[in-house]
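So the structure is just underneath, and the comments pick up after that.
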Amino acid sequence: MNFRKNVTYFLHNMREKHRLSVRNQHTEEEVWYMYISPLNLLAGVIALVLILFVIITLTVAYTPVLDLIPGYPGNKSRALLVENIMRLDSLEQELHNMQIYSDNVALIMAGKNPVTRNDIQRSDSLLRSSSPAVAAIVEDSLLRRQMERSGTPYSLSDPEAARKNLRNALELFAPIKGIVTQKFSPIDNRYGVAVTAPDNQPVMAVMEGAVISSAWSPDDGFVLYVQHPNNMISVYRHNAKVLKKTGDRVSIGEIVGYSGMVAGSGSVKSPFEFELWYNGTPVDPEGYIVF
């Protein structure tokens with residue numbers, strides 16, 4: 001009842017000043033006093049709350065105080081999150097570009113047109129259709145026929161011009177030591193040489209470069225494609241094991257695998273095969289390497 005009376009009194013006397021004093025507990029002597037109205041007291045409390053709100057807001061917005069609170073995402077955490085998202089996006093784009101490059105190399109090796117669309121499918125989509133991924137046009141066919149004629153650097157039947165330029169520019173390391181049992185013969189669709197060598201013999205990179213494909217098939221075992229300077233690609237077939245994966249860098253003479261088919265794979269035993277491509281043209285490896 002007294003509380004209700006006090007509230008009613010203050011509501012009706014908001015502007016009336018009241019004496020607020022501080023007294024000594026033992027002597028009842030008044031130590032300090034002031035006159036204040038309930039309206040002024042309410043205004044002071046509201047002003048104090050607003051000041052505290054502004055101070056807390058500015059502190060959170062312009063200082064790293066949130067980073068000191070465990071489990072709370074402060075400015076530093078948000079900046080790190082944005083940076084990681086940007087790095088992930090860049091890495092995804094780089095992997096996409098590498099996949100496009102690898103798919104184009106596979107298309108070129110298969111005698112198809114390279115794909116330059118940004119929406120290129122994954123490498124497994126190349127097996128779905130035997131037709132070129134890009135429709136050929138008349139001008140492209142004429143240019144291809146002209147460039148692949150005998151005597152041009154791009155002719156599969158006469159790679160002498162490409163061989164001459166390559167021999168003057170390169171000195172290659174022997175990928176394996178053995179006996180050449182099948183010679184280079186593009187007319188017979190044999191674009192490399194077959195070398196008979198003991199199983200599990202180290203296979204070495206003929207030159208520094210980067211691995212653009214590392215795959216396995218029942219017919220060829222583990223196959224490695226390495227991109228080298230001067231637009232050269234070396235191909236290593238019938239390996240029992242490869243030590244490199246796509247994107248790895250290799251140096252000249254570095255071991256990239258071991259010869260021989262995988263035991264228990266059900267594949268026919270085949271000798272090690274090595275191919276050398278220059279500017280999209282196969283060349284005879286024996287012209288530059290002593291096996």
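Convention: chains lettered A, B, ... in structure tokens order; per-chain residue numbering from 1; ligands numbered from 1 as shown.
Around Arg249 of chain A, within 9 Å and counting only C-alpha atoms, the residues found are Glu208, Gly209, Ala210, Val211 and Val226 of chain A, once anything fewer than 6 positions away on its own chain is removed.
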| request: Please provide the set of residues having any atom within 6 Å of segment 243-248 of chain A, restricted to only C-alpha atoms, with same-chain residues fewer than 3 positions apart removed, written as a ChimeraX atom specification. | output: /A:210-214,256-257
Taking C-alpha atoms for each residue, export the selection above as a PDB file, in the first residue's frame.
ATOM      1  CA  ALA A 210      55.077 -30.548 -65.356  1.00  0.00           C
ATOM      2  CA  VAL A 211      52.796 -33.591 -65.220  1.00  0.00           C
ATOM      3  CA  ILE A 212      49.591 -32.867 -67.141  1.00  0.00           C
ATOM      4  CA  SER A 213      48.028 -36.329 -66.820  1.00  0.00           C
ATOM      5  CA  SER A 214      48.543 -39.370 -64.620  1.00  0.00           C
ATOM      6  CA  VAL A 256      58.674 -40.614 -62.163  1.00  0.00           C
ATOM      7  CA  GLY A 257      57.691 -44.292 -61.977  1.00  0.00           C
TER       8      GLY A 257
END
| query | Using only C-alpha atoms, which of the listed residues (A:Met204, A:Ala106, A:Met232, A:Ile176) sits closest to Thr281 of chain A? | reply | A:Met232
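In this comparison, which uses only C-alpha atoms, the residue of A:Phe291, A:Met109, A:Val203, A:Asp188 approaching Trp277 of chain A most closely is A:Met109.
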| query | Counting only C-alpha atoms, what is within 12 Å of Tyr33 of chain A, bar same-chain residues fewer than 2 positions away, as number ranges by chain? | reply | A: 18-24, 29-31, 35-36
Take the residues from that selection and write them out as a CSV table (one decimal), in the first residue's frame, keeping C-alpha atoms.
chain,number,residue,atom,x,y,z
A,18,HIS,CA,13.0,16.7,-3.2
A,19,ARG,CA,15.9,16.6,-0.8
A,20,LEU,CA,18.3,13.7,-1.4
A,21,SER,CA,20.7,13.5,1.5
A,22,VAL,CA,23.5,11.2,2.8
A,23,ARG,CA,23.7,10.8,6.6
A,24,ASN,CA,26.2,9.2,8.9
A,29,GLU,CA,24.6,13.8,11.0
A,30,GLU,CA,23.8,14.9,7.4
A,31,VAL,CA,27.0,14.6,5.4
A,35,TYR,CA,17.7,18.8,-4.4
A,36,ILE,CA,16.4,16.8,-7.3
| query | Pick the closest to Gln227 of chain A from A:Asn97, A:Thr59, A:Ser90, A:Ser251: which is it, counting only C-alpha atoms? | reply | A:Ser251
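Proximity to Ser185 of chain A at 10 Å, evaluated using only C-alpha atoms and with sequence-adjacent residues fewer than 3 positions away removed, yields Leu156, Ser157, Gln182, Asp188, Asn189, Arg190, Tyr191, Gly192, Val193, Pro282, Val283 and Asp284 of chain A.
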Residues of the last selection are to be written out with C-alpha atoms, as a PDB file, in the first residue's frame.
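Contents of selection.pdb, freshly written:
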ATOM      1  CA  LEU A 156      52.127 -36.966 -89.147  1.00  0.00           C
ATOM      2  CA  SER A 157      53.503 -38.844 -92.141  1.00  0.00           C
ATOM      3  CA  GLN A 182      59.270 -51.728 -81.933  1.00  0.00           C
ATOM      4  CA  ASP A 188      51.193 -48.022 -88.554  1.00  0.00           C
ATOM      5  CA  ASN A 189      49.670 -45.766 -85.865  1.00  0.00           C
ATOM      6  CA  ARG A 190      52.731 -46.312 -83.685  1.00  0.00           C
ATOM      7  CA  TYR A 191      53.782 -42.854 -82.507  1.00  0.00           C
ATOM      8  CA  GLY A 192      56.559 -43.967 -80.165  1.00  0.00           C
ATOM      9  CA  VAL A 193      58.954 -46.811 -79.473  1.00  0.00           C
ATOM     10  CA  PRO A 282      54.952 -37.111 -82.989  1.00  0.00           C
ATOM     11  CA  VAL A 283      58.702 -37.463 -83.518  1.00  0.00           C
ATOM     12  CA  ASP A 284      61.031 -40.459 -83.370  1.00  0.00           C
TER      13      ASP A 284
END
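For the set A:Gln201, A:Asn104, A:Asn6, A:Asn230, the residue with the smallest atom-to-atom gap to Asn279 of chain A is A:Asn230, counting only C-alpha atoms.
Using only C-alpha atoms, the protein and nucleic acid residues lying no more than 8 Å from Phe274 of chain A, apart from those fewer than 4 places from it along its own chain, are A:Gly192, A:Val193, A:Ala194, A:Val195, A:Ser234, A:Val235, A:Tyr236, A:Arg237, A:Pro285.
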Using only C-alpha atoms, which protein or nucleic acid residues come within 10 Å of Asn200 of chain A? Drop anything in the same chain fewer than 4 positions from it, and give the result as a PDB file with C-alpha atoms, in the first residue's frame.
ATOM      1  CA  ASN A 239      54.296 -48.523 -65.915  1.00  0.00           C
ATOM      2  CA  ALA A 240      53.756 -50.679 -62.845  1.00  0.00           C
ATOM      3  CA  LYS A 241      53.725 -47.572 -60.677  1.00  0.00           C
ATOM      4  CA  GLY A 257      57.691 -44.292 -61.977  1.00  0.00           C
ATOM      5  CA  TYR A 258      58.682 -47.940 -62.462  1.00  0.00           C
ATOM      6  CA  SER A 259      58.262 -50.080 -65.585  1.00  0.00           C
ATOM      7  CA  GLY A 260      56.071 -53.178 -65.870  1.00  0.00           C
ATOM      8  CA  MET A 261      52.358 -53.927 -65.726  1.00  0.00           C
TER       9      MET A 261
END
